[in-house]
Each structure stands twice: as structure tokens, then as C-alpha cells.
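Beneath this line is the structure, given in C-alpha cells, with notes to follow.
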Amino acid sequence: MANMDQHPQKPKGNGAVEHYDAVVIGAGFGGLYALHYLREMGLSVRVYDGAAGVGGTWWWNRYPGARVDFPGGPFYCYTFSEELVQEWDWAETQPDQPAVLAYLDYVADRFNLRRDIQLETWVHDACYDEDRQRWMIETSAGARVSTQFLICAVGTLSAAYKPDIPGIDDFAGESYHSGRWPHKPVSFAGKRVGVIGTGSSGVQAIPEIASEAAHLTVFQRTPQYTIPARNRPIDPEVIRQARENWAAIRAKMNASPSGSLFEVSDRSALDDLPEQRQKLFEELWQKGGLHLLFGSYADIVTDKDANRTLANFLEGKIRQIVRDPKIAEKLMPNYYVGTKRQILDNGYYETFNRENVALVDLREDPILKITPAGVCTERGEHPLDMLVLATGFDAISGALLRLNPKGRGGISLKEKWSKRFDTYLGLAIADFPNLFLIHGPGSPSVLFNMPLGAELESAWIGDCVRYLREHGLGAIEPTSDAEKSWDQEVAEIANRTLFPLTDSWYTGANIPGKPRQFCVHLAGPRYFQRISEIAASDYKGFVLEKKIPATD
Ligand code: NA7
């Protein structure tokens with residue numbers, strides 16, 4: 001896989017080592033809150049991020065149409081500060097990327113975080129020094145840094161994936177990856193644009209590009225189910241109620257399987273007659289967003305027959321919306337609905353009714369190569385002025401592997417994770433003492449409200465650090481046995497669902513050669529209960545080391 005990020009060469013430092021209690025890598029939702037939490041505990045903390053601004057995934061993913069694909073507004077944001085909830089005005093139900101970035105910029109100022117954040121700085125190397133119980137870090141700015149705790153808040157969708165298509169670097173026109181979108185305005189006007197990829201990013205971008213470009217060619221390998229987001233201004237009453245009852249709302253989100261306020265159905269899709277189901281599906285389709293998936297029936301992602309009922313409904317919608325039946329058939333997905341990241345769109349299927357949009361089905365007409373002039377498929381050349389790669393990410397584990405820390409005995413994460421992405425609790429890794437993960441493999445990460453999950457995980461990490469300090473301990477690390485049983489727990493929960501059966505970035509199937517493993521802990525609130533129980537049991541499953549007296 002081509003590396004999308006050309007990290008700057010390391011300038012020579014002056015040799016002095018900077019010392020911190022904790023280093024956090026990443027200044028997105030996870031890293032910003034980890035900084036706040038640890039600093040409030042009195043720790044010296046330094047955050048490094050390669051981007052030129054805070055925001056993490058929301059800093060990089062600024063492609064047209066990028067929006068929150070979860071219940072947004074006051075429900076996709078930090079929950080820890082009641083004042084913040086009172087102060088920040090969300091305008092839309094599915095905030096767009098500039099709105100989320102503006103919020104994170106505000107948070108960085110509001111909590112005075114910037115003084116401890118160093119931007120445009122990549123961590124090049126991180127090695128654990130067993131004798132000192134500290135991590136030694138080298139940055140792209142040439143600094144050498146020593147820290148007791150290393151918190152990796154590197155993002156689940158941050159290692160952009162550029163496929164190995166012959167000639168991909170030869171294209172002579174403008175070329176952009178959705179996850180590395182430029183900060184200058186990009187104009188599609190009068191241009192022949194090609195988009196490769198129809199996941200969340202492609203589906204969000206395609207209607208926007210089509211409305212401006214002279215012509216758009218969509219290169220689709222795998223069609224996906226998408227549901228109208230029905231983004232709209234937030235009802236001021238919803239905001240008022242959220243502000244008035246924040247503690248109760250926060251508790252409700254904490255207790256919900258997805259970390260949201262969705263009313264979850266406890267009924268089977270198979271208990272209803274077809275007309276009843278159709279009526280309910282239609283109602284929830286009109287409501288928009290994830291209601292259809294979460295609020296219709298309890299067994300949509302656990303029972304194949306229940307899943308088929310929703311698939312039939314959505315396929316009917318595609319046939320209804322897309323006027324040309326041949327194009328509609330090309331857009332027909334073939335997987336268990338809901339087991340890939342559920343896409344929320346703004347007029348995606350409708351886009352294929354436009355005169356200036358063409359769909360190339362790569363399953364019957366594969367890409368042979370990319371030339372300076374465009375994309376060559378088996379059936380001919382598609383001349384283009386601009387190529388957009390919406391080809392996704394090496395998700396969940398990719399950014400950690402790119403960092404490739406070296407743990408006990410010099411073992412690298414790449415060696416450790418060559419076959420499986422073992423962690424304990426999704427928070428820690430055997431042989432990597434004092435290293436913590438936010439949204440790591442084996443945590444609820446991408447299938448739970450991510451800002452809320454980041455808060456809960458950061459607080460767990462902070463409390464663990466406090467425990468070590470209060471007990472005169474210098475290092476903590478899980479046992480391999482604990483990792484094995486955690487791995488089993490994650491798999492057992494997942495195997496009660498249809499998720500592992502689908503090729504997706506949840507299972508790693510989008511990256512050639514990546515080990516297949518469904519890495520998301522699907523038990524939401526039960527997960528957070530489990531990790532607090534483990535903390536309360538004096539960190540069962542971990543080895544705790546006495547503090548070695550400092551020698552420097
Ligand atoms: P996804 O969901 O991984 O989508 C990537 C798309 O790119 C998907 O349609 C892939 O088809 C396609 N792809 C990847 N490689 C190729 C090649 N070689 N040829 C043709 N098509 C290819 O990533 P997204 O960025 O859309 O979604 C991640 C988002 O989830 C994130 O931004 C949040 O919004 C939530 P495939 O399915 O592999 O056949």
C-alpha cells in the first residue's frame with residue numbers, strides 16, 4: 001500500500017531530552033480530551049499531531065459533503081462539561097465537517113489546550129526503555145522526548161488507503177484522496193471528474209461533485225446500502241431540553257448500546273406481517289438517519305432472515321428512485337445490511353438520474369490502469385480532468401502500525417500484530433508497558449458514539465495512571481493470557497451477529513493482505529462496565545511493576 005503521508009525529514013535536534021509524564025499522539029476528539037483529563041490530574045503532558053490544526057480525522061477529512069453520520073448536534077460531541085453544552089450552538093442534525101472542526105477548535109481554546117499541543121509534528125519512533133520504565137520518542141521536529149506514559153489517540157480512520165492500481169501516480173490532472181483533502185478550495189466546475197470508491201466518503205461526496213462538475217464518472221466496485229440522512233436544522237426545543245437535562249441525557253447515552261439516544265426496538269422483524277414491516281420501514285426511512293437500522297427491529301444485524309426484510313425494503317427504494325433500471329441493478333448491494341459502516345447520504349441514489357453522471361460497474365468492467373489522461377477499464381478509457389480517490393483507510397489498526405512502537409525487548413508492533421491485533425480491553429498491549437490506546441482494536445470504537453467513547457476510555461486511562469502513582473508502581477502491562485481471553489470475548493460477541501460475515505473495513509477485508517479479524521467490541525455499555533470492574537479489581541489481567549528509582 002502506498003504511504004499517503006510524506007512525513008517531513010527529521011531536522012537535527014540539539015540532543016537535549018524533553019521529559020513529560022505523558023505524551024499523547026493525536027489531537028482529535030480522543031487526544032484533546034486525554035490531554036485535558038491528564039492535565040487536570042496534575043501531569044505534564046505533550047500532544048503531537050502531524051496536522052497543521054487540531055481535529056484529527058475532522059481536520060483531514062474535508063472532502064465535499066463530509067458530515068457526521070451519527071446522531072449529531074449535542075449528541076456527537078463531548079459530554080464531560082455541562083458549560084460546554086450550554087455554550088456551543090449546533091445548527092444541524094448532521095453537522096458538516098467545518099462545523100465539527102469549529103467545535104474542536106473552540107474546545108482547544110476553551111480549555112486552554114493549545115499550549116501543550118505541538119502541531120505539524122509526527123512521532124517517528126517510540127521505544128520502551130525497560131530499565132527506566134519510560135518511552136523514548138523521536139519526532140519529525142528532531143526532538144528527543146522521554147515520557148512515562150504513551151497514549152495513542154491516532155484515530156481509527158486516519159491511515160488513508162491508496163490502492164495499488166497500475167499507473168495511479170501517473171495521472172496528470174488534479175488528484176485528491178478524500179482523507180487527505182486539500183485546504184485550498186477545490187473547484188469541480190467545468191471539469192470531468194472521476195470518483196473511485198463508494199463507501200461513506202464517496203457516497204457523501206458524489207452528489208456534491210455531480211452538482212458542480214461538467215461530468216462525473218463513478219467507479220464502483222461494491223455497491224452499498226445508504227439511507228437518507230435528512231439533515232435539517234436542529235429543533236431549538238431539542239437543544240433546550242438537552243441543556244436542561246444534560247446529566248440525565250448523558251447517563252442515557254452512556255447506557256445505550258450505541259452511546260446515543262435511539263430508542264432501540266426489542267421486537268423481531270419476523271414477528272410482524274410484511275405490511276406492518278413495510279409501514280414501519282417507510283416511517284423510519286422518512287425520518288432519516290440511523291432510525292431505520294437501530295429503531296426498526298432488534299434482530300436486523302443478528303438474523304439473516306430479519307436482515308433480508310430490511311434489504312428488500314432498501315432495494316425497493318433503489319428501484320423506485322433510480323429511473324434507469326439497468327443503473328438501478330448495478331447499484332444493488334449484496335451483503336447483510338448494517339454490517340458495513342451504515343452510510344447516510346444526501347441524495348446519493350438520485351444523483352444517478354442526472355445527465356452528467358455515469359456509473360462504471362467495476363465488477364463487470366474492471367480498472368486496468370490509470371494513465372495521465374484518465375482511467376482505463378477493460379471496455380475503454382474514461383478521460384478525466386480530476387481523479388478523486390475515496391478509497392478509504394487502513395482502519396482501526398492502520399495508524400498504530402504506521403507508528404510502529406517498539407516494546408519490551410525491542411519487539412515492534414508490526415511483529416506483534418503480524419497475524420492478529422491482540423489487545424487487552426482495547427486499551428493496552430502485552431509487551432508494550434505504559435502504552436495506552438484510545439479506540440484501539442478490541443474496544444467499541446467505531447460502533448459506539450466516538451466522542452463519548454473517547455471520554456470514557458481517556459478517563460479509564462487517567463484513573464489507571466493515578467492508581468499506579470498512588471501505589472508506587474512504575475509500569476503496567478497486560479498478560480498474554482488476558483489478551484487471549486479478551487480476543488475470545490470480542491469474537492464471541494461478534495459471532496452472535498452478522499458483522500464478521502461481511503467484507504468490510506471492520507474486518508480488515510478492504511486492505512489486501514491484512515489479517516481478517518473483526519476488531520470491534522460490540523457490547524457498548526457492558527464494555528465500559530467491564531473495564532471499570534477490571535480497574536476496581538486492582539487491574540486483573542495486568543502485571544503491575546514497582547517503580548524503579550530514577551537514575552537520571
Ligand atoms: P470505505 O468505506 O473503505 O470505502 C472505500 C471505497 O473504495 C469502497 O467502495 C471500495 O470498494 C473502494 N475501493 C478501494 N480500493 C479500490 C480499488 N482498488 N478499486 C476500486 N475501488 C476501490 O472508506 P470511506 O472513506 O468511504 O469510509 C470510511 C468512513 O466511514 C469514514 O470516512 C466515516 O465517514 C465512516 P470495495 O468495497 O473495497 O470493493
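Naming scheme: A, B, ... for chains in displayed order of the C-alpha cells; residues 1 onward per chain; ligands 1 onward as shown.
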
Original post:
Per DSSP on the backbone, what are the helix (DSSP H, G or I) residues of stretch 141-306 of chain A, as a PyMOL selection string?
Top reply: chain A and resi 178-180+200-212+236-244+246-255+269-271+274-287+291-294+304-306

Subject >> Selection within 8 Å of ligand 1 by only C-alpha atoms and all ligand atoms, output as a PyMOL selection string >> reply: chain A and resi 61+66-69+157+161-165+178-179+196-203+219-224+340-341+343+362+367+389-393+503-505+509-511

Subject >> Selection: 12 Å around A:Tyr424, only C-alpha atoms, excl. self and same-chain fewer than 5 positions, as a ChimeraX atom specification >> reply: /A:429-433,435-437,440-443,476-490,519,521,527,530-531,534,539-543

Original post:
Which of these, A:Ala536, A:Asn334, A:Pro525, A:Trp417, has the shortest distance to A:Thr502 once you count only C-alpha atoms?
Top reply: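 Comparing A:Ala536, A:Asn334, A:Pro525, A:Trp417 against A:Thr502, the winner is A:Asn334.
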
Can you list every residue of stretch 45-83 of chain A that has an atom at most 12 Å from stretch 25-33 of chain A, with its nearest atom pair and the distance in Å to one decimal, using only C-alpha atoms, ordered by chain then number, as CSV?
residue,atom,partner,partner_atom,distance
A:Val45,CA,A:Ile25,CA,10.6
A:Arg46,CA,A:Ile25,CA,8.5
A:Val47,CA,A:Ile25,CA,5.7
A:Tyr48,CA,A:Ile25,CA,5.1
A:Asp49,CA,A:Gly26,CA,4.9
A:Gly50,CA,A:Gly26,CA,7.9
A:Ala51,CA,A:Ala27,CA,8.6
A:Ala52,CA,A:Ala27,CA,10.3
A:Gly53,CA,A:Ala27,CA,8.3
A:Val54,CA,A:Ala27,CA,5.3
A:Gly55,CA,A:Gly28,CA,4.3
A:Gly56,CA,A:Gly28,CA,3.8
A:Thr57,CA,A:Gly28,CA,6.6
A:Trp58,CA,A:Gly28,CA,7.4
A:Trp59,CA,A:Gly28,CA,8.1
A:Trp60,CA,A:Gly28,CA,10.3
A:Asn61,CA,A:Gly28,CA,11.9
A:Tyr76,CA,A:Phe29,CA,10.4
A:Cys77,CA,A:Phe29,CA,8.3
A:Tyr78,CA,A:Phe29,CA,8.1
A:Thr79,CA,A:Tyr33,CA,10.6
A:Phe80,CA,A:Tyr33,CA,9.3
A:Ser81,CA,A:Tyr33,CA,11.0

Subject >> Nearest-residue call for A:His215, choices A:Phe448, A:Phe188, A:Tyr335, A:Tyr176, using only C-alpha atoms >> reply: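 Comparing A:Phe448, A:Phe188, A:Tyr335, A:Tyr176 against A:His215, the winner is A:Phe188.
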
**OP:** Name all residues at most 12 Å from stretch 254-265 of chain A (count only C-alpha atoms; drop same-chain ones fewer than 4 positions away) and give them as a PyMOL selection string.
**Re:** chain A and resi 70-77+79-80+238+242+247-250+269+280+289-300+444-456+521-529

Subject >> Residue list (strand (DSSP E or B), DSSP) for stretch 233-470 of chain A, as a PyMOL selection string >> reply: chain A and resi 233+343-345+357-361+367-371+374-377+380-383+386-389+393+406+412+424+428-429+432+435-437+443

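Nearest-residue note for A:Tyr128: choosing from A:Ile411, A:Ala428, A:Leu104, A:Ala373, the minimum distance belongs to A:Ile411, counting only C-alpha atoms.
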
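For the pair atom CA of A:Gly407 and atom CA of A:Leu119, the separation is 25.2 Å.
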
Write out as an mmCIF file with N, CA, C and O atoms, in the first residue's frame each polymer residue whose atoms come within 10 Å of A:Asn346, counting only C-alpha atoms; drop sequence neighbours fewer than 3 positions from it.
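Saved file result.cif follows:
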data_model
loop_
_atom_site.group_PDB
_atom_site.id
_atom_site.type_symbol
_atom_site.label_atom_id
_atom_site.label_comp_id
_atom_site.auth_asym_id
_atom_site.auth_seq_id
_atom_site.Cartn_x
_atom_site.Cartn_y
_atom_site.Cartn_z
ATOM 1 N N GLY A 65 -19.153 17.421 1.226
ATOM 2 C CA GLY A 65 -20.228 16.533 1.694
ATOM 3 C C GLY A 65 -19.893 15.813 2.990
ATOM 4 O O GLY A 65 -20.743 15.089 3.531
ATOM 5 N N ARG A 67 -19.839 14.828 6.512
ATOM 6 C CA ARG A 67 -20.749 15.145 7.623
ATOM 7 C C ARG A 67 -20.725 14.033 8.657
ATOM 8 O O ARG A 67 -20.380 12.896 8.340
ATOM 9 N N VAL A 203 -19.906 8.218 -1.178
ATOM 10 C CA VAL A 203 -21.360 8.449 -1.231
ATOM 11 C C VAL A 203 -21.716 9.858 -0.742
ATOM 12 O O VAL A 203 -22.635 10.492 -1.255
ATOM 13 N N GLN A 204 -20.956 10.359 0.230
ATOM 14 C CA GLN A 204 -21.220 11.739 0.682
ATOM 15 C C GLN A 204 -20.749 12.756 -0.357
ATOM 16 O O GLN A 204 -21.378 13.799 -0.556
ATOM 17 N N ALA A 205 -19.624 12.458 -1.003
ATOM 18 C CA ALA A 205 -19.035 13.446 -1.926
ATOM 19 C C ALA A 205 -19.720 13.463 -3.298
ATOM 20 O O ALA A 205 -19.817 14.515 -3.932
ATOM 21 N N ILE A 206 -20.182 12.307 -3.748
ATOM 22 C CA ILE A 206 -20.659 12.180 -5.133
ATOM 23 C C ILE A 206 -21.789 13.180 -5.479
ATOM 24 O O ILE A 206 -21.702 13.872 -6.492
ATOM 25 N N PRO A 207 -22.837 13.331 -4.656
ATOM 26 C CA PRO A 207 -23.882 14.296 -5.033
ATOM 27 C C PRO A 207 -23.354 15.726 -5.115
ATOM 28 O O PRO A 207 -23.764 16.502 -5.980
ATOM 29 N N GLU A 208 -22.424 16.064 -4.221
ATOM 30 C CA GLU A 208 -21.865 17.430 -4.216
ATOM 31 C C GLU A 208 -21.048 17.668 -5.483
ATOM 32 O O GLU A 208 -21.157 18.715 -6.110
ATOM 33 N N THR A 226 -27.446 2.735 1.340
ATOM 34 C CA THR A 226 -27.371 4.004 2.057
ATOM 35 C C THR A 226 -28.772 4.501 2.386
ATOM 36 O O THR A 226 -29.743 4.165 1.704
ATOM 37 N N ILE A 227 -28.856 5.259 3.438
ATOM 38 C CA ILE A 227 -30.150 5.737 3.969
ATOM 39 C C ILE A 227 -30.102 7.269 3.949
ATOM 40 O O ILE A 227 -29.063 7.844 4.296
ATOM 41 N N PRO A 228 -31.189 7.939 3.569
ATOM 42 C CA PRO A 228 -31.140 9.407 3.572
ATOM 43 C C PRO A 228 -30.862 9.943 4.981
ATOM 44 O O PRO A 228 -31.500 9.518 5.945
ATOM 45 N N ALA A 229 -29.899 10.863 5.057
ATOM 46 C CA ALA A 229 -29.563 11.458 6.362
ATOM 47 C C ALA A 229 -30.689 12.386 6.817
ATOM 48 O O ALA A 229 -30.937 12.533 8.009
ATOM 49 N N ARG A 230 -31.345 13.015 5.851
ATOM 50 C CA ARG A 230 -32.375 14.043 6.107
ATOM 51 C C ARG A 230 -31.844 15.073 7.100
ATOM 52 O O ARG A 230 -32.483 15.387 8.120
ATOM 53 N N ASN A 231 -30.671 15.551 6.740
ATOM 54 C CA ASN A 231 -30.073 16.613 7.550
ATOM 55 C C ASN A 231 -31.002 17.820 7.543
ATOM 56 O O ASN A 231 -31.588 18.152 6.515
ATOM 57 N N TYR A 349 -28.680 8.207 -4.386
ATOM 58 C CA TYR A 349 -29.262 7.438 -5.499
ATOM 59 C C TYR A 349 -29.826 8.379 -6.561
ATOM 60 O O TYR A 349 -29.728 8.115 -7.757
ATOM 61 N N GLU A 350 -30.408 9.500 -6.138
ATOM 62 C CA GLU A 350 -30.974 10.487 -7.063
ATOM 63 C C GLU A 350 -29.915 11.003 -8.033
ATOM 64 O O GLU A 350 -30.218 11.363 -9.184
ATOM 65 N N THR A 351 -28.664 11.035 -7.583
ATOM 66 C CA THR A 351 -27.574 11.564 -8.419
ATOM 67 C C THR A 351 -27.452 10.784 -9.720
ATOM 68 O O THR A 351 -27.037 11.325 -10.750
#

Tell me which protein, DNA and RNA residues are within 8 Å of stretch 495-500 of chain A, counting only C-alpha atoms, leaving out same-chain ones fewer than 2 positions away, and put them as a PDB file with all heavy atoms, in the first residue's frame.
ATOM      1  N   VAL A 301     -29.257  -6.989  12.562  1.00  0.00           N
ATOM      2  CA  VAL A 301     -27.866  -7.403  12.307  1.00  0.00           C
ATOM      3  C   VAL A 301     -27.497  -8.722  13.009  1.00  0.00           C
ATOM      4  O   VAL A 301     -26.320  -9.068  13.109  1.00  0.00           O
ATOM      5  CB  VAL A 301     -26.832  -6.294  12.661  1.00  0.00           C
ATOM      6  CG1 VAL A 301     -26.928  -5.124  11.709  1.00  0.00           C
ATOM      7  CG2 VAL A 301     -26.938  -5.858  14.104  1.00  0.00           C
ATOM      8  N   THR A 302     -28.523  -9.438  13.460  1.00  0.00           N
ATOM      9  CA  THR A 302     -28.203 -10.726  14.094  1.00  0.00           C
ATOM     10  C   THR A 302     -28.886 -11.917  13.402  1.00  0.00           C
ATOM     11  O   THR A 302     -28.504 -13.061  13.631  1.00  0.00           O
ATOM     12  CB  THR A 302     -28.633 -10.731  15.580  1.00  0.00           C
ATOM     13  OG1 THR A 302     -30.015 -10.366  15.650  1.00  0.00           O
ATOM     14  CG2 THR A 302     -27.815  -9.769  16.423  1.00  0.00           C
ATOM     15  N   ASP A 303     -29.889 -11.650  12.590  1.00  0.00           N
ATOM     16  CA  ASP A 303     -30.645 -12.748  11.997  1.00  0.00           C
ATOM     17  C   ASP A 303     -30.724 -12.525  10.478  1.00  0.00           C
ATOM     18  O   ASP A 303     -31.162 -11.467  10.022  1.00  0.00           O
ATOM     19  CB  ASP A 303     -32.056 -12.768  12.614  1.00  0.00           C
ATOM     20  CG  ASP A 303     -32.883 -13.916  12.069  1.00  0.00           C
ATOM     21  OD1 ASP A 303     -33.349 -13.819  10.904  1.00  0.00           O
ATOM     22  OD2 ASP A 303     -33.066 -14.897  12.781  1.00  0.00           O
ATOM     23  N   LYS A 304     -30.321 -13.547   9.737  1.00  0.00           N
ATOM     24  CA  LYS A 304     -30.242 -13.383   8.277  1.00  0.00           C
ATOM     25  C   LYS A 304     -31.603 -13.076   7.653  1.00  0.00           C
ATOM     26  O   LYS A 304     -31.718 -12.253   6.745  1.00  0.00           O
ATOM     27  CB  LYS A 304     -29.658 -14.643   7.638  1.00  0.00           C
ATOM     28  CG  LYS A 304     -28.193 -14.830   7.955  1.00  0.00           C
ATOM     29  CD  LYS A 304     -27.627 -16.067   7.292  1.00  0.00           C
ATOM     30  CE  LYS A 304     -26.166 -16.226   7.692  1.00  0.00           C
ATOM     31  NZ  LYS A 304     -25.571 -17.458   7.251  1.00  0.00           N
ATOM     32  N   TYR A 336     -25.043  -8.221   4.093  1.00  0.00           N
ATOM     33  CA  TYR A 336     -26.034  -8.049   5.153  1.00  0.00           C
ATOM     34  C   TYR A 336     -26.091  -6.572   5.536  1.00  0.00           C
ATOM     35  O   TYR A 336     -25.097  -6.011   6.030  1.00  0.00           O
ATOM     36  CB  TYR A 336     -25.683  -8.907   6.376  1.00  0.00           C
ATOM     37  CG  TYR A 336     -25.726 -10.380   6.055  1.00  0.00           C
ATOM     38  CD1 TYR A 336     -24.572 -11.150   6.046  1.00  0.00           C
ATOM     39  CD2 TYR A 336     -26.936 -10.995   5.730  1.00  0.00           C
ATOM     40  CE1 TYR A 336     -24.610 -12.491   5.724  1.00  0.00           C
ATOM     41  CE2 TYR A 336     -26.984 -12.338   5.398  1.00  0.00           C
ATOM     42  CZ  TYR A 336     -25.825 -13.073   5.394  1.00  0.00           C
ATOM     43  OH  TYR A 336     -25.870 -14.397   5.062  1.00  0.00           O
ATOM     44  N   THR A 339     -23.986  -4.280   8.232  1.00  0.00           N
ATOM     45  CA  THR A 339     -22.739  -4.901   8.691  1.00  0.00           C
ATOM     46  C   THR A 339     -21.506  -4.237   8.096  1.00  0.00           C
ATOM     47  O   THR A 339     -20.381  -4.609   8.421  1.00  0.00           O
ATOM     48  CB  THR A 339     -22.711  -6.411   8.371  1.00  0.00           C
ATOM     49  OG1 THR A 339     -22.876  -6.562   6.965  1.00  0.00           O
ATOM     50  CG2 THR A 339     -23.809  -7.151   9.115  1.00  0.00           C
ATOM     51  N   LYS A 340     -21.699  -3.278   7.185  1.00  0.00           N
ATOM     52  CA  LYS A 340     -20.626  -2.341   6.836  1.00  0.00           C
ATOM     53  C   LYS A 340     -21.028  -1.052   7.516  1.00  0.00           C
ATOM     54  O   LYS A 340     -22.198  -0.894   7.899  1.00  0.00           O
ATOM     55  CB  LYS A 340     -20.581  -2.078   5.331  1.00  0.00           C
ATOM     56  CG  LYS A 340     -20.001  -3.206   4.503  1.00  0.00           C
ATOM     57  CD  LYS A 340     -20.056  -2.813   3.040  1.00  0.00           C
ATOM     58  CE  LYS A 340     -19.698  -3.928   2.120  1.00  0.00           C
ATOM     59  NZ  LYS A 340     -18.302  -3.907   1.679  1.00  0.00           N
ATOM     60  N   ALA A 491     -14.628 -11.774  19.937  1.00  0.00           N
ATOM     61  CA  ALA A 491     -15.092 -12.649  18.851  1.00  0.00           C
ATOM     62  C   ALA A 491     -16.432 -13.295  19.183  1.00  0.00           C
ATOM     63  O   ALA A 491     -17.318 -13.389  18.319  1.00  0.00           O
ATOM     64  CB  ALA A 491     -14.035 -13.715  18.572  1.00  0.00           C
ATOM     65  N   GLU A 492     -16.588 -13.723  20.452  1.00  0.00           N
ATOM     66  CA  GLU A 492     -17.860 -14.378  20.816  1.00  0.00           C
ATOM     67  C   GLU A 492     -19.036 -13.425  20.648  1.00  0.00           C
ATOM     68  O   GLU A 492     -20.086 -13.805  20.141  1.00  0.00           O
ATOM     69  CB  GLU A 492     -17.811 -14.843  22.278  1.00  0.00           C
ATOM     70  CG  GLU A 492     -17.262 -16.252  22.419  1.00  0.00           C
ATOM     71  CD  GLU A 492     -16.869 -16.559  23.860  1.00  0.00           C
ATOM     72  OE1 GLU A 492     -17.432 -15.949  24.789  1.00  0.00           O
ATOM     73  OE2 GLU A 492     -15.965 -17.403  24.042  1.00  0.00           O
ATOM     74  N   ILE A 493     -18.855 -12.187  21.074  1.00  0.00           N
ATOM     75  CA  ILE A 493     -19.943 -11.215  20.939  1.00  0.00           C
ATOM     76  C   ILE A 493     -20.217 -10.971  19.447  1.00  0.00           C
ATOM     77  O   ILE A 493     -21.363 -10.982  18.996  1.00  0.00           O
ATOM     78  CB  ILE A 493     -19.626  -9.890  21.668  1.00  0.00           C
ATOM     79  CG1 ILE A 493     -19.421 -10.140  23.162  1.00  0.00           C
ATOM     80  CG2 ILE A 493     -20.738  -8.864  21.461  1.00  0.00           C
ATOM     81  CD1 ILE A 493     -18.839  -8.971  23.934  1.00  0.00           C
ATOM     82  N   THR A 502     -19.192 -10.244   6.750  1.00  0.00           N
ATOM     83  CA  THR A 502     -19.122  -9.272   5.649  1.00  0.00           C
ATOM     84  C   THR A 502     -17.697  -8.781   5.438  1.00  0.00           C
ATOM     85  O   THR A 502     -16.969  -8.533   6.396  1.00  0.00           O
ATOM     86  CB  THR A 502     -20.044  -8.080   6.004  1.00  0.00           C
ATOM     87  OG1 THR A 502     -21.377  -8.561   6.060  1.00  0.00           O
ATOM     88  CG2 THR A 502     -19.963  -6.976   4.969  1.00  0.00           C
ATOM     89  N   ASP A 503     -17.336  -8.628   4.171  1.00  0.00           N
ATOM     90  CA  ASP A 503     -16.049  -7.996   3.840  1.00  0.00           C
ATOM     91  C   ASP A 503     -16.196  -6.496   4.046  1.00  0.00           C
ATOM     92  O   ASP A 503     -16.993  -5.855   3.350  1.00  0.00           O
ATOM     93  CB  ASP A 503     -15.700  -8.233   2.360  1.00  0.00           C
ATOM     94  CG  ASP A 503     -15.241  -9.656   2.126  1.00  0.00           C
ATOM     95  OD1 ASP A 503     -14.993 -10.376   3.100  1.00  0.00           O
ATOM     96  OD2 ASP A 503     -15.136 -10.031   0.942  1.00  0.00           O
ATOM     97  N   THR A 507     -13.660  -5.695   9.265  1.00  0.00           N
ATOM     98  CA  THR A 507     -12.980  -6.998   9.308  1.00  0.00           C
ATOM     99  C   THR A 507     -11.590  -6.927   8.676  1.00  0.00           C
ATOM    100  O   THR A 507     -10.892  -7.941   8.603  1.00  0.00           O
ATOM    101  CB  THR A 507     -13.794  -8.073   8.552  1.00  0.00           C
ATOM    102  OG1 THR A 507     -14.114  -7.570   7.253  1.00  0.00           O
ATOM    103  CG2 THR A 507     -15.060  -8.446   9.269  1.00  0.00           C
ATOM    104  N   GLN A 517      -9.915  -9.947  10.863  1.00  0.00           N
ATOM    105  CA  GLN A 517     -10.317 -10.016  12.275  1.00  0.00           C
ATOM    106  C   GLN A 517     -11.310  -8.898  12.526  1.00  0.00           C
ATOM    107  O   GLN A 517     -11.024  -7.737  12.227  1.00  0.00           O
ATOM    108  CB  GLN A 517      -9.087  -9.838  13.185  1.00  0.00           C
ATOM    109  CG  GLN A 517      -9.393  -9.988  14.657  1.00  0.00           C
ATOM    110  CD  GLN A 517      -8.164  -9.740  15.532  1.00  0.00           C
ATOM    111  OE1 GLN A 517      -7.033  -9.674  15.036  1.00  0.00           O
ATOM    112  NE2 GLN A 517      -8.384  -9.573  16.813  1.00  0.00           N
ATOM    113  N   PHE A 518     -12.440  -9.273  13.075  1.00  0.00           N
ATOM    114  CA  PHE A 518     -13.424  -8.244  13.431  1.00  0.00           C
ATOM    115  C   PHE A 518     -12.979  -7.671  14.781  1.00  0.00           C
ATOM    116  O   PHE A 518     -12.990  -8.359  15.793  1.00  0.00           O
ATOM    117  CB  PHE A 518     -14.823  -8.854  13.509  1.00  0.00           C
ATOM    118  CG  PHE A 518     -15.867  -7.828  13.821  1.00  0.00           C
ATOM    119  CD1 PHE A 518     -16.372  -7.023  12.818  1.00  0.00           C
ATOM    120  CD2 PHE A 518     -16.317  -7.627  15.116  1.00  0.00           C
ATOM    121  CE1 PHE A 518     -17.320  -6.038  13.102  1.00  0.00           C
ATOM    122  CE2 PHE A 518     -17.257  -6.658  15.412  1.00  0.00           C
ATOM    123  CZ  PHE A 518     -17.767  -5.858  14.391  1.00  0.00           C
TER     124      PHE A 518
END

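Near A:Leu387, within 9 Å and counting only C-alpha atoms, sit A:Phe171, A:Gly173, A:Glu174, A:Ser175, A:Tyr176, A:His177, A:Arg192, A:Val193, A:Gly194, A:Val195, A:Ile196, A:Gly374, A:Val375, not including residues fewer than 6 positions from it in the same chain.
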
Those same residues - N, CA, C and O atoms - I'd like them written as a compact mmCIF listing (two decimals), in the first residue's frame.
# COMPACT_ATOMS: atom_id res chain seq x y z
N PHE A 171 -1.36 9.97 -13.14
CA PHE A 171 -2.44 10.82 -13.61
C PHE A 171 -1.97 12.28 -13.66
O PHE A 171 -1.41 12.79 -12.68
N GLY A 173 -3.86 15.09 -14.24
CA GLY A 173 -4.79 16.12 -13.76
C GLY A 173 -4.72 16.28 -12.25
O GLY A 173 -3.81 15.77 -11.59
N GLU A 174 -5.71 16.98 -11.70
CA GLU A 174 -5.76 17.11 -10.23
C GLU A 174 -6.17 15.77 -9.64
O GLU A 174 -7.07 15.11 -10.16
N SER A 175 -5.57 15.42 -8.52
CA SER A 175 -5.90 14.14 -7.90
C SER A 175 -5.93 14.30 -6.38
O SER A 175 -5.01 14.89 -5.80
N TYR A 176 -6.98 13.82 -5.76
CA TYR A 176 -7.14 14.00 -4.31
C TYR A 176 -7.64 12.71 -3.68
O TYR A 176 -8.48 12.02 -4.25
N HIS A 177 -7.18 12.46 -2.46
CA HIS A 177 -7.76 11.38 -1.65
C HIS A 177 -8.75 12.03 -0.68
O HIS A 177 -8.44 13.09 -0.11
N ARG A 192 -14.23 17.27 -15.95
CA ARG A 192 -14.64 15.85 -16.00
C ARG A 192 -13.96 15.18 -14.80
O ARG A 192 -12.74 15.08 -14.75
N VAL A 193 -14.80 14.77 -13.86
CA VAL A 193 -14.27 14.24 -12.59
C VAL A 193 -14.55 12.73 -12.53
O VAL A 193 -15.63 12.29 -12.95
N GLY A 194 -13.61 11.98 -11.99
CA GLY A 194 -13.84 10.56 -11.72
C GLY A 194 -13.71 10.32 -10.23
O GLY A 194 -12.81 10.87 -9.59
N VAL A 195 -14.63 9.53 -9.67
CA VAL A 195 -14.51 9.16 -8.25
C VAL A 195 -14.36 7.64 -8.19
O VAL A 195 -15.20 6.91 -8.73
N ILE A 196 -13.29 7.18 -7.54
CA ILE A 196 -13.14 5.74 -7.30
C ILE A 196 -13.51 5.49 -5.84
O ILE A 196 -12.91 6.08 -4.94
N GLY A 374 -6.55 9.69 -17.74
CA GLY A 374 -7.78 9.20 -17.11
C GLY A 374 -7.68 7.76 -16.63
O GLY A 374 -6.58 7.26 -16.36
N VAL A 375 -8.83 7.10 -16.56
CA VAL A 375 -8.88 5.73 -16.04
C VAL A 375 -9.21 4.79 -17.20
O VAL A 375 -10.17 5.02 -17.94
